[in-house]
>>> print(open('input-v1.cif').read())   # mmCIF, C-alpha atoms; chains and numbers go by the auth columns
data_data
#
loop_
_atom_site.group_PDB
_atom_site.id
_atom_site.type_symbol
_atom_site.label_atom_id
_atom_site.label_comp_id
_atom_site.label_asym_id
_atom_site.label_seq_id
_atom_site.Cartn_x
_atom_site.Cartn_y
_atom_site.Cartn_z
_atom_site.B_iso_or_equiv
_atom_site.auth_seq_id
_atom_site.auth_asym_id
ATOM 1 C CA LYS A 1 -87.670 -6.061 -37.893 0.00 1 T
ATOM 2 C CA GLN A 2 -89.657 -6.027 -41.128 0.00 2 T
ATOM 3 C CA GLU A 3 -93.009 -7.809 -41.034 0.00 3 T
ATOM 4 C CA VAL A 4 -95.147 -8.503 -44.078 0.00 4 T
ATOM 5 C CA THR A 5 -98.852 -9.262 -43.853 0.00 5 T
ATOM 6 C CA GLN A 6 -101.198 -10.426 -46.588 0.00 6 T
ATOM 7 C CA ILE A 7 -104.956 -10.195 -46.555 0.00 7 T
ATOM 8 C CA PRO A 8 -107.066 -12.180 -47.213 0.00 8 T
ATOM 9 C CA ALA A 9 -105.453 -15.527 -46.433 0.00 9 T
ATOM 10 C CA ALA A 10 -107.764 -17.256 -48.906 0.00 10 T
ATOM 11 C CA LEU A 11 -110.120 -16.104 -51.616 0.00 11 T
ATOM 12 C CA SER A 12 -112.572 -17.931 -53.861 0.00 12 T
ATOM 13 C CA VAL A 13 -114.144 -16.103 -56.790 0.00 13 T
ATOM 14 C CA PRO A 14 -116.075 -17.036 -59.934 0.00 14 T
ATOM 15 C CA GLU A 15 -114.283 -16.815 -63.247 0.00 15 T
ATOM 16 C CA GLY A 16 -114.249 -13.355 -64.823 0.00 16 T
ATOM 17 C CA GLU A 17 -114.178 -11.336 -61.622 0.00 17 T
ATOM 18 C CA ASN A 18 -111.659 -8.601 -61.003 0.00 18 T
ATOM 19 C CA LEU A 19 -109.930 -8.994 -57.674 0.00 19 T
ATOM 20 C CA VAL A 20 -107.457 -7.287 -55.343 0.00 20 T
ATOM 21 C CA LEU A 21 -104.892 -8.892 -53.097 0.00 21 T
ATOM 22 C CA ASN A 22 -103.402 -6.829 -50.293 0.00 22 T
ATOM 23 C CA CYS A 23 -99.927 -6.711 -48.820 0.00 23 T
ATOM 24 C CA SER A 24 -98.694 -4.506 -45.986 0.00 24 T
ATOM 25 C CA PHE A 25 -95.207 -4.056 -44.523 0.00 25 T
ATOM 26 C CA THR A 26 -94.058 -2.401 -41.320 0.00 26 T
ATOM 27 C CA ASP A 27 -90.780 -0.764 -42.411 0.00 27 T
ATOM 28 C CA SER A 28 -91.303 1.645 -45.307 0.00 28 T
ATOM 29 C CA ALA A 29 -87.562 1.887 -46.072 0.00 29 T
ATOM 30 C CA ILE A 30 -87.705 -0.737 -48.816 0.00 30 T
ATOM 31 C CA TYR A 31 -85.708 -0.987 -52.049 0.00 31 T
ATOM 32 C CA ASN A 32 -88.491 -2.701 -53.955 0.00 32 T
ATOM 33 C CA LEU A 33 -91.422 -5.073 -53.553 0.00 33 T
ATOM 34 C CA GLN A 34 -91.892 -8.286 -55.435 0.00 34 T
ATOM 35 C CA TRP A 35 -95.043 -10.314 -56.113 0.00 35 T
ATOM 36 C CA PHE A 36 -94.763 -14.058 -56.689 0.00 36 T
ATOM 37 C CA ARG A 37 -97.060 -16.867 -57.659 0.00 37 T
ATOM 38 C CA GLN A 38 -96.676 -20.390 -56.255 0.00 38 T
ATOM 39 C CA ASP A 39 -98.521 -23.395 -57.644 0.00 39 T
ATOM 40 C CA PRO A 40 -98.911 -26.412 -55.322 0.00 40 T
ATOM 41 C CA GLY A 41 -95.629 -28.269 -54.904 0.00 41 T
ATOM 42 C CA LYS A 42 -93.760 -25.846 -57.147 0.00 42 T
ATOM 43 C CA GLY A 43 -91.216 -23.084 -56.781 0.00 43 T
ATOM 44 C CA LEU A 44 -91.990 -19.384 -56.842 0.00 44 T
ATOM 45 C CA THR A 45 -92.567 -17.535 -60.097 0.00 45 T
ATOM 46 C CA SER A 46 -91.818 -13.824 -60.095 0.00 46 T
ATOM 47 C CA LEU A 47 -94.803 -11.846 -61.362 0.00 47 T
ATOM 48 C CA LEU A 48 -93.915 -8.203 -60.828 0.00 48 T
ATOM 49 C CA LEU A 49 -91.159 -6.153 -59.260 0.00 49 T
ATOM 50 C CA ILE A 50 -91.913 -2.587 -58.210 0.00 50 T
ATOM 51 C CA GLN A 51 -88.968 -0.348 -57.420 0.00 51 T
ATOM 52 C CA SER A 52 -89.238 1.977 -54.449 0.00 52 T
ATOM 53 C CA SER A 53 -89.436 4.965 -56.815 0.00 53 T
ATOM 54 C CA GLN A 54 -92.383 3.527 -58.745 0.00 54 T
ATOM 55 C CA ARG A 55 -96.053 3.577 -57.864 0.00 55 T
ATOM 56 C CA GLU A 56 -97.298 0.990 -60.323 0.00 56 T
ATOM 57 C CA GLN A 57 -96.172 -1.900 -62.491 0.00 57 T
ATOM 58 C CA THR A 58 -98.233 -3.823 -65.042 0.00 58 T
ATOM 59 C CA SER A 59 -97.889 -7.170 -66.770 0.00 59 T
ATOM 60 C CA GLY A 60 -100.800 -8.380 -68.855 0.00 60 T
ATOM 61 C CA ARG A 61 -103.862 -8.721 -66.619 0.00 61 T
ATOM 62 C CA LEU A 62 -101.807 -8.003 -63.515 0.00 62 T
ATOM 63 C CA ASN A 63 -101.264 -4.588 -62.004 0.00 63 T
ATOM 64 C CA ALA A 64 -99.331 -3.988 -58.806 0.00 64 T
ATOM 65 C CA SER A 65 -99.282 -0.711 -56.928 0.00 65 T
ATOM 66 C CA LEU A 66 -96.983 0.488 -54.179 0.00 66 T
ATOM 67 C CA ASP A 67 -97.556 3.139 -51.514 0.00 67 T
ATOM 68 C CA LYS A 68 -94.379 3.254 -49.463 0.00 68 T
ATOM 69 C CA SER A 69 -95.549 5.923 -47.059 0.00 69 T
ATOM 70 C CA SER A 70 -98.504 3.823 -45.922 0.00 70 T
ATOM 71 C CA GLY A 71 -96.612 0.529 -46.161 0.00 71 T
ATOM 72 C CA ARG A 72 -99.010 -1.059 -48.630 0.00 72 T
ATOM 73 C CA SER A 73 -99.079 -2.798 -51.972 0.00 73 T
ATOM 74 C CA THR A 74 -101.966 -4.260 -53.914 0.00 74 T
ATOM 75 C CA LEU A 75 -102.033 -6.809 -56.716 0.00 75 T
ATOM 76 C CA TYR A 76 -104.966 -6.346 -59.054 0.00 76 T
ATOM 77 C CA ILE A 77 -105.968 -9.269 -61.267 0.00 77 T
ATOM 78 C CA ALA A 78 -108.377 -8.412 -64.080 0.00 78 T
ATOM 79 C CA ALA A 79 -110.857 -10.866 -65.567 0.00 79 T
ATOM 80 C CA SER A 80 -109.712 -13.787 -63.428 0.00 80 T
ATOM 81 C CA GLN A 81 -109.377 -17.249 -64.977 0.00 81 T
ATOM 82 C CA PRO A 82 -109.217 -20.751 -63.446 0.00 82 T
ATOM 83 C CA GLY A 83 -105.532 -20.836 -64.417 0.00 83 T
ATOM 84 C CA ASP A 84 -104.937 -17.965 -61.987 0.00 84 T
ATOM 85 C CA SER A 85 -105.634 -20.339 -59.091 0.00 85 T
ATOM 86 C CA ALA A 86 -102.478 -20.403 -56.966 0.00 86 T
ATOM 87 C CA THR A 87 -100.959 -18.865 -53.848 0.00 87 T
ATOM 88 C CA TYR A 88 -99.779 -15.291 -54.274 0.00 88 T
ATOM 89 C CA LEU A 89 -96.908 -14.017 -52.137 0.00 89 T
ATOM 90 C CA CYS A 90 -95.494 -10.556 -51.687 0.00 90 T
ATOM 91 C CA ALA A 91 -91.972 -9.963 -50.429 0.00 91 T
ATOM 92 C CA VAL A 92 -89.618 -7.119 -49.621 0.00 92 T
ATOM 93 C CA PRO A 93 -85.827 -7.164 -49.305 0.00 93 T
ATOM 94 C CA ARG A 94 -84.392 -6.864 -45.838 0.00 94 T
ATOM 95 C CA SER A 95 -83.039 -3.419 -45.195 0.00 95 T
ATOM 96 C CA ALA A 96 -80.317 -4.357 -42.738 0.00 96 T
ATOM 97 C CA THR A 97 -78.876 -7.869 -42.914 0.00 97 T
ATOM 98 C CA GLY A 98 -79.248 -10.843 -45.236 0.00 98 T
ATOM 99 C CA ARG A 99 -77.866 -9.020 -48.271 0.00 99 T
ATOM 100 C CA ARG A 100 -81.292 -8.319 -49.671 0.00 100 T
ATOM 101 C CA ALA A 101 -82.791 -11.687 -48.788 0.00 101 T
ATOM 102 C CA LEU A 102 -86.546 -11.421 -48.898 0.00 102 T
ATOM 103 C CA THR A 103 -89.072 -11.228 -46.098 0.00 103 T
ATOM 104 C CA PHE A 104 -92.308 -12.853 -47.237 0.00 104 T
ATOM 105 C CA GLY A 105 -95.933 -12.527 -46.335 0.00 105 T
ATOM 106 C CA SER A 106 -97.848 -15.698 -45.574 0.00 106 T
ATOM 107 C CA GLY A 107 -99.637 -15.541 -48.916 0.00 107 T
ATOM 108 C CA THR A 108 -103.155 -15.404 -50.311 0.00 108 T
ATOM 109 C CA ARG A 109 -104.528 -18.688 -51.631 0.00 109 T
ATOM 110 C CA LEU A 110 -106.695 -17.894 -54.649 0.00 110 T
ATOM 111 C CA GLN A 111 -109.257 -20.251 -56.149 0.00 111 T
ATOM 112 C CA VAL A 112 -111.011 -19.167 -59.354 0.00 112 T
ATOM 113 C CA GLN A 113 -114.127 -21.231 -60.013 0.00 113 T
ATOM 114 C CA PRO A 114 -114.990 -22.009 -63.647 0.00 114 T
ATOM 115 C CA SER B 1 -81.214 -16.059 -70.169 0.00 115 R
ATOM 116 C CA GLN B 2 -80.721 -17.140 -66.611 0.00 116 R
ATOM 117 C CA THR B 3 -81.806 -20.546 -65.301 0.00 117 R
ATOM 118 C CA ILE B 4 -81.693 -22.043 -61.838 0.00 118 R
ATOM 119 C CA HIS B 5 -81.657 -25.777 -61.195 0.00 119 R
ATOM 120 C CA GLN B 6 -82.209 -27.785 -58.047 0.00 120 R
ATOM 121 C CA TRP B 7 -81.848 -31.493 -57.413 0.00 121 R
ATOM 122 C CA PRO B 8 -83.121 -33.802 -56.379 0.00 122 R
ATOM 123 C CA ALA B 9 -86.759 -32.797 -56.838 0.00 123 R
ATOM 124 C CA THR B 10 -87.928 -35.046 -54.012 0.00 124 R
ATOM 125 C CA LEU B 11 -86.122 -36.905 -51.282 0.00 125 R
ATOM 126 C CA VAL B 12 -87.205 -39.242 -48.491 0.00 126 R
ATOM 127 C CA GLN B 13 -84.568 -39.812 -45.845 0.00 127 R
ATOM 128 C CA PRO B 14 -84.476 -41.527 -42.439 0.00 128 R
ATOM 129 C CA VAL B 15 -83.724 -39.576 -39.288 0.00 129 R
ATOM 130 C CA GLY B 16 -79.999 -39.394 -38.659 0.00 130 R
ATOM 131 C CA SER B 17 -78.970 -39.765 -42.302 0.00 131 R
ATOM 132 C CA PRO B 18 -76.873 -37.163 -44.154 0.00 132 R
ATOM 133 C CA LEU B 19 -78.233 -34.664 -46.652 0.00 133 R
ATOM 134 C CA SER B 20 -76.908 -32.895 -49.711 0.00 134 R
ATOM 135 C CA LEU B 21 -79.072 -30.630 -51.868 0.00 135 R
ATOM 136 C CA GLU B 22 -77.592 -28.883 -54.843 0.00 136 R
ATOM 137 C CA CYS B 23 -78.459 -25.659 -56.613 0.00 137 R
ATOM 138 C CA THR B 24 -76.816 -24.287 -59.753 0.00 138 R
ATOM 139 C CA VAL B 25 -77.419 -21.097 -61.684 0.00 139 R
ATOM 140 C CA GLU B 26 -76.736 -20.535 -65.362 0.00 140 R
ATOM 141 C CA GLY B 27 -76.444 -17.358 -67.382 0.00 141 R
ATOM 142 C CA THR B 28 -75.182 -14.981 -64.723 0.00 142 R
ATOM 143 C CA SER B 29 -72.010 -14.369 -62.780 0.00 143 R
ATOM 144 C CA ASN B 30 -71.330 -13.461 -59.164 0.00 144 R
ATOM 145 C CA PRO B 31 -74.956 -13.763 -58.070 0.00 145 R
ATOM 146 C CA ASN B 32 -76.145 -13.538 -54.485 0.00 146 R
ATOM 147 C CA LEU B 33 -77.473 -16.997 -53.604 0.00 147 R
ATOM 148 C CA TYR B 34 -80.039 -17.973 -50.978 0.00 148 R
ATOM 149 C CA TRP B 35 -81.498 -21.076 -49.367 0.00 149 R
ATOM 150 C CA TYR B 36 -85.036 -20.803 -48.004 0.00 150 R
ATOM 151 C CA ARG B 37 -87.220 -23.411 -46.350 0.00 151 R
ATOM 152 C CA GLN B 38 -90.997 -23.577 -46.549 0.00 152 R
ATOM 153 C CA ALA B 39 -92.432 -25.842 -43.863 0.00 153 R
ATOM 154 C CA ALA B 40 -96.023 -27.074 -43.980 0.00 154 R
ATOM 155 C CA GLY B 41 -98.393 -24.309 -42.907 0.00 155 R
ATOM 156 C CA ARG B 42 -95.579 -21.814 -42.442 0.00 156 R
ATOM 157 C CA GLY B 43 -94.043 -19.079 -44.507 0.00 157 R
ATOM 158 C CA LEU B 44 -90.694 -18.978 -46.227 0.00 158 R
ATOM 159 C CA GLN B 45 -87.737 -18.851 -43.854 0.00 159 R
ATOM 160 C CA LEU B 46 -84.271 -17.742 -44.926 0.00 160 R
ATOM 161 C CA LEU B 47 -81.644 -20.323 -43.980 0.00 161 R
ATOM 162 C CA PHE B 48 -78.403 -19.161 -45.644 0.00 162 R
ATOM 163 C CA TYR B 49 -77.168 -16.562 -48.069 0.00 163 R
ATOM 164 C CA SER B 50 -73.917 -16.150 -49.965 0.00 164 R
ATOM 165 C CA VAL B 51 -72.410 -13.144 -51.714 0.00 165 R
ATOM 166 C CA GLY B 52 -69.433 -15.022 -53.157 0.00 166 R
ATOM 167 C CA ILE B 53 -67.412 -18.239 -53.307 0.00 167 R
ATOM 168 C CA GLY B 54 -66.760 -19.566 -49.832 0.00 168 R
ATOM 169 C CA GLN B 55 -68.798 -16.768 -48.195 0.00 169 R
ATOM 170 C CA ILE B 56 -71.750 -18.156 -46.259 0.00 170 R
ATOM 171 C CA SER B 57 -73.963 -16.436 -43.725 0.00 171 R
ATOM 172 C CA SER B 58 -76.421 -18.337 -41.569 0.00 172 R
ATOM 173 C CA GLU B 59 -79.720 -16.908 -40.427 0.00 173 R
ATOM 174 C CA VAL B 60 -80.852 -19.398 -37.807 0.00 174 R
ATOM 175 C CA PRO B 61 -78.987 -21.923 -35.656 0.00 175 R
ATOM 176 C CA GLN B 62 -79.741 -25.436 -36.832 0.00 176 R
ATOM 177 C CA ASN B 63 -78.092 -28.659 -37.885 0.00 177 R
ATOM 178 C CA LEU B 64 -77.890 -27.573 -41.515 0.00 178 R
ATOM 179 C CA SER B 65 -74.883 -26.061 -43.266 0.00 179 R
ATOM 180 C CA ALA B 66 -74.251 -24.531 -46.670 0.00 180 R
ATOM 181 C CA SER B 67 -71.284 -24.240 -48.986 0.00 181 R
ATOM 182 C CA ARG B 68 -70.494 -22.393 -52.190 0.00 182 R
ATOM 183 C CA PRO B 69 -67.600 -24.194 -53.880 0.00 183 R
ATOM 184 C CA GLN B 70 -68.089 -22.435 -57.220 0.00 184 R
ATOM 185 C CA ASP B 71 -69.544 -19.082 -58.259 0.00 185 R
ATOM 186 C CA ARG B 72 -72.847 -20.534 -59.421 0.00 186 R
ATOM 187 C CA GLN B 73 -73.170 -23.567 -57.162 0.00 187 R
ATOM 188 C CA PHE B 74 -74.792 -23.580 -53.740 0.00 188 R
ATOM 189 C CA ILE B 75 -75.051 -26.727 -51.610 0.00 189 R
ATOM 190 C CA LEU B 76 -77.173 -27.372 -48.528 0.00 190 R
ATOM 191 C CA SER B 77 -75.998 -30.160 -46.249 0.00 191 R
ATOM 192 C CA SER B 78 -76.608 -31.925 -43.000 0.00 192 R
ATOM 193 C CA LYS B 79 -74.630 -34.619 -41.203 0.00 193 R
ATOM 194 C CA LYS B 80 -77.671 -35.983 -39.340 0.00 194 R
ATOM 195 C CA LEU B 81 -81.229 -35.146 -40.332 0.00 195 R
ATOM 196 C CA LEU B 82 -83.974 -34.442 -37.811 0.00 196 R
ATOM 197 C CA LEU B 83 -87.714 -34.900 -38.278 0.00 197 R
ATOM 198 C CA SER B 84 -88.055 -31.114 -38.106 0.00 198 R
ATOM 199 C CA ASP B 85 -85.873 -30.753 -41.218 0.00 199 R
ATOM 200 C CA SER B 86 -88.773 -31.906 -43.391 0.00 200 R
ATOM 201 C CA GLY B 87 -89.995 -29.221 -45.745 0.00 201 R
ATOM 202 C CA PHE B 88 -89.728 -27.648 -49.155 0.00 202 R
ATOM 203 C CA TYR B 89 -86.271 -26.215 -49.825 0.00 203 R
ATOM 204 C CA LEU B 90 -85.942 -23.403 -52.294 0.00 204 R
ATOM 205 C CA CYS B 91 -82.792 -21.954 -53.773 0.00 205 R
ATOM 206 C CA ALA B 92 -82.837 -18.425 -55.167 0.00 206 R
ATOM 207 C CA TRP B 93 -80.471 -16.007 -56.851 0.00 207 R
ATOM 208 C CA ARG B 94 -80.300 -12.267 -57.270 0.00 208 R
ATOM 209 C CA GLY B 95 -78.008 -9.936 -59.157 0.00 209 R
ATOM 210 C CA THR B 96 -75.820 -7.637 -57.129 0.00 210 R
ATOM 211 C CA SER B 97 -77.671 -4.380 -57.773 0.00 211 R
ATOM 212 C CA ASP B 98 -79.931 -3.232 -54.952 0.00 212 R
ATOM 213 C CA HIS B 99 -82.963 -3.207 -57.225 0.00 213 R
ATOM 214 C CA ASN B 100 -82.606 -6.629 -58.848 0.00 214 R
ATOM 215 C CA GLU B 101 -85.344 -9.214 -58.842 0.00 215 R
ATOM 216 C CA GLN B 102 -84.938 -12.455 -56.974 0.00 216 R
ATOM 217 C CA PHE B 103 -85.576 -15.696 -58.877 0.00 217 R
ATOM 218 C CA PHE B 104 -86.341 -19.091 -57.433 0.00 218 R
ATOM 219 C CA GLY B 105 -85.593 -22.655 -58.400 0.00 219 R
ATOM 220 C CA PRO B 106 -88.169 -25.453 -58.628 0.00 220 R
ATOM 221 C CA GLY B 107 -87.485 -26.628 -55.073 0.00 221 R
ATOM 222 C CA THR B 108 -86.705 -29.914 -53.330 0.00 222 R
ATOM 223 C CA ARG B 109 -89.350 -31.658 -51.249 0.00 223 R
ATOM 224 C CA LEU B 110 -87.599 -33.325 -48.289 0.00 224 R
ATOM 225 C CA THR B 111 -89.408 -35.803 -46.061 0.00 225 R
ATOM 226 C CA VAL B 112 -87.574 -37.102 -43.025 0.00 226 R
ATOM 227 C CA LEU B 113 -89.072 -40.278 -41.538 0.00 227 R
#
>>> encode(input="input-v1.cif", output="structure tokens")
Amino acid sequence: KQEVTQIPAALSVPEGENLVLNCSFTDSAIYNLQWFRQDPGKGLTSLLLIQSSQREQTSGRLNASLDKSSGRSTLYIAASQPGDSATYLCAVPRSATGRRALTFGSGTRLQVQP
Amino acid sequence: SQTIHQWPATLVQPVGSPLSLECTVEGTSNPNLYWYRQAAGRGLQLLFYSVGIGQISSEVPQNLSASRPQDRQFILSSKKLLLSDSGFYLCAWRGTSDHNEQFFGPGTRLTVL
């Protein structure tokens, strides 16, 4: 059974810092890995999707890396801003059942102080 | 472009009352559809998924049910709500390729009193 873990659970940084969020998964046979952002009381916004054949994906100040063999992904946020404050979730599709439903980590709650 | 809608946005219901949450997707055809629940202090839990009209698979035994009467419509229901049904319900869709992204709706906040 796939398990996804995210570290740290919470993070508070001053504006302008570069930061790294970590995600690990137990079953390396994944099709892709997706990073989401969730603002309080809102749905999930897809940030980046990394295919299993890729090692990196970038969107603006966000860069996500994937190392399948070690079961790890990182989300790098450059020059953080107060608007980046949110919970960040990583997720991988189930390999067996659930027709590619996602298994989620518990998230990292990020607070960027102005 | 594709859009996913959920309604209502918030709902407060008494224990034992029925429930109907609706999700519709625009701009795509034959999507895989999912219902997830996010309870306070817990992660996202898959409740149901559907690969086509009338095809529903349940992940966990519970007093909820789902239906897919049309290709882009997914409904979550209950005949009698329990206190433990409170939570944030999220609908999501995905294209049918193995590598497609999954996209989520805005969610419905359900409080059962």
>>> closest_residue(input="input-v1.cif", among="T:Gln34, T:Thr108, T:Ser80, T:Ser70", to="chain R", atoms="only C-alpha atoms")
T:Gln34
>>> atom_distance(input="input-v1.cif", atom1="CA of Leu89 in chain T", atom2="CA of Phe202 in chain R")
15.7 Å
>>> residues_near_point(input="input-v1.cif", point="(-82.8, -9.7, -46.0)", cutoff="12 Å", atoms="only C-alpha atoms", output="ChimeraX atom specification")
/T:1-3,30-31,91-104 /R:146-150,159-164,171-173,208,212,216
>>> atom_distance(input="input-v1.cif", atom1="CA of Tyr76 in chain T", atom2="CA of Pro220 in chain R")
25.4 Å
>>> resolve_selection(input="input-v1.cif", expression="the PyMOL selection byres ((chain T) within 7 of (chain R))", output="list in words")
Tyr31, Asn32, Lys42, Gly43, Leu44, Thr45, Ser46, Leu49, Gln51, Gly98, Phe104 and Ser106 of chain T
>>> write_last_selection(input="input-v1.cif", atoms="C-alpha atoms", output="PDB file, in the coordinates of the input")
ATOM      1  CA  TYR T  31     -85.708  -0.987 -52.049  1.00  0.00           C
ATOM      2  CA  ASN T  32     -88.491  -2.701 -53.955  1.00  0.00           C
ATOM      3  CA  LYS T  42     -93.760 -25.846 -57.147  1.00  0.00           C
ATOM      4  CA  GLY T  43     -91.216 -23.084 -56.781  1.00  0.00           C
ATOM      5  CA  LEU T  44     -91.990 -19.384 -56.842  1.00  0.00           C
ATOM      6  CA  THR T  45     -92.567 -17.535 -60.097  1.00  0.00           C
ATOM      7  CA  SER T  46     -91.818 -13.824 -60.095  1.00  0.00           C
ATOM      8  CA  LEU T  49     -91.159  -6.153 -59.260  1.00  0.00           C
ATOM      9  CA  GLN T  51     -88.968  -0.348 -57.420  1.00  0.00           C
ATOM     10  CA  GLY T  98     -79.248 -10.843 -45.236  1.00  0.00           C
ATOM     11  CA  PHE T 104     -92.308 -12.853 -47.237  1.00  0.00           C
ATOM     12  CA  SER T 106     -97.848 -15.698 -45.574  1.00  0.00           C
TER      13      SER T 106
END
>>> atom_distance(input="input-v1.cif", atom1="CA of Ser131 in chain R", atom2="CA of Gly41 in chain T")
23.8 Å
>>> resolve_selection(input="input-v1.cif", expression="the PyMOL selection byres ((chain R and resi 197) around 7)", output="PDB file with C-alpha atoms, in the coordinates of the input")
ATOM      1  CA  VAL R 129     -83.724 -39.576 -39.288  1.00  0.00           C
ATOM      2  CA  LEU R 195     -81.229 -35.146 -40.332  1.00  0.00           C
ATOM      3  CA  LEU R 196     -83.974 -34.442 -37.811  1.00  0.00           C
ATOM      4  CA  SER R 198     -88.055 -31.114 -38.106  1.00  0.00           C
ATOM      5  CA  ASP R 199     -85.873 -30.753 -41.218  1.00  0.00           C
ATOM      6  CA  SER R 200     -88.773 -31.906 -43.391  1.00  0.00           C
ATOM      7  CA  VAL R 226     -87.574 -37.102 -43.025  1.00  0.00           C
ATOM      8  CA  LEU R 227     -89.072 -40.278 -41.538  1.00  0.00           C
TER       9      LEU R 227
END
>>> resolve_selection(input="input-v1.cif", expression="the PyMOL selection byres ((chain R and resi 167) around 9)", output="list in words")
Asn144, Ser164, Val165, Gly166, Gly168, Gln169, Ile170, Ser181, Arg182, Pro183, Gln184, Asp185, Arg186 and Gln187 of chain R
>>> closest_residue(input="input-v1.cif", among="T:Leu48, T:Val13, T:Cys23, T:Leu62", to="Thr74 in chain T", atoms="all atoms listed in the file")
T:Cys23
>>> residues_around(input="input-v1.cif", residues="Ala78 in chain T", least_positions_apart="2", cutoff="9 Å", atoms="all atoms listed in the file", output="PDB file with C-alpha atoms, in the frame of the given file")
ATOM      1  CA  GLY T  16    -114.249 -13.355 -64.823  1.00  0.00           C
ATOM      2  CA  GLU T  17    -114.178 -11.336 -61.622  1.00  0.00           C
ATOM      3  CA  ASN T  18    -111.659  -8.601 -61.003  1.00  0.00           C
ATOM      4  CA  LEU T  19    -109.930  -8.994 -57.674  1.00  0.00           C
ATOM      5  CA  VAL T  20    -107.457  -7.287 -55.343  1.00  0.00           C
ATOM      6  CA  GLY T  60    -100.800  -8.380 -68.855  1.00  0.00           C
ATOM      7  CA  ARG T  61    -103.862  -8.721 -66.619  1.00  0.00           C
ATOM      8  CA  LEU T  62    -101.807  -8.003 -63.515  1.00  0.00           C
ATOM      9  CA  ASN T  63    -101.264  -4.588 -62.004  1.00  0.00           C
ATOM     10  CA  TYR T  76    -104.966  -6.346 -59.054  1.00  0.00           C
ATOM     11  CA  SER T  80    -109.712 -13.787 -63.428  1.00  0.00           C
ATOM     12  CA  GLN T  81    -109.377 -17.249 -64.977  1.00  0.00           C
TER      13      GLN T  81
END
>>> closest_residue(input="input-v1.cif", among="R:Pro128, R:Leu133, R:Pro122, R:Gly209", to="Leu178 in chain R", atoms="all atoms listed in the file")
R:Leu133
>>> closest_residue(input="input-v1.cif", among="T:Asp39, T:Asp84, T:Glu56, T:Glu15", to="Arg72 in chain T", atoms="only C-alpha atoms")
T:Glu56
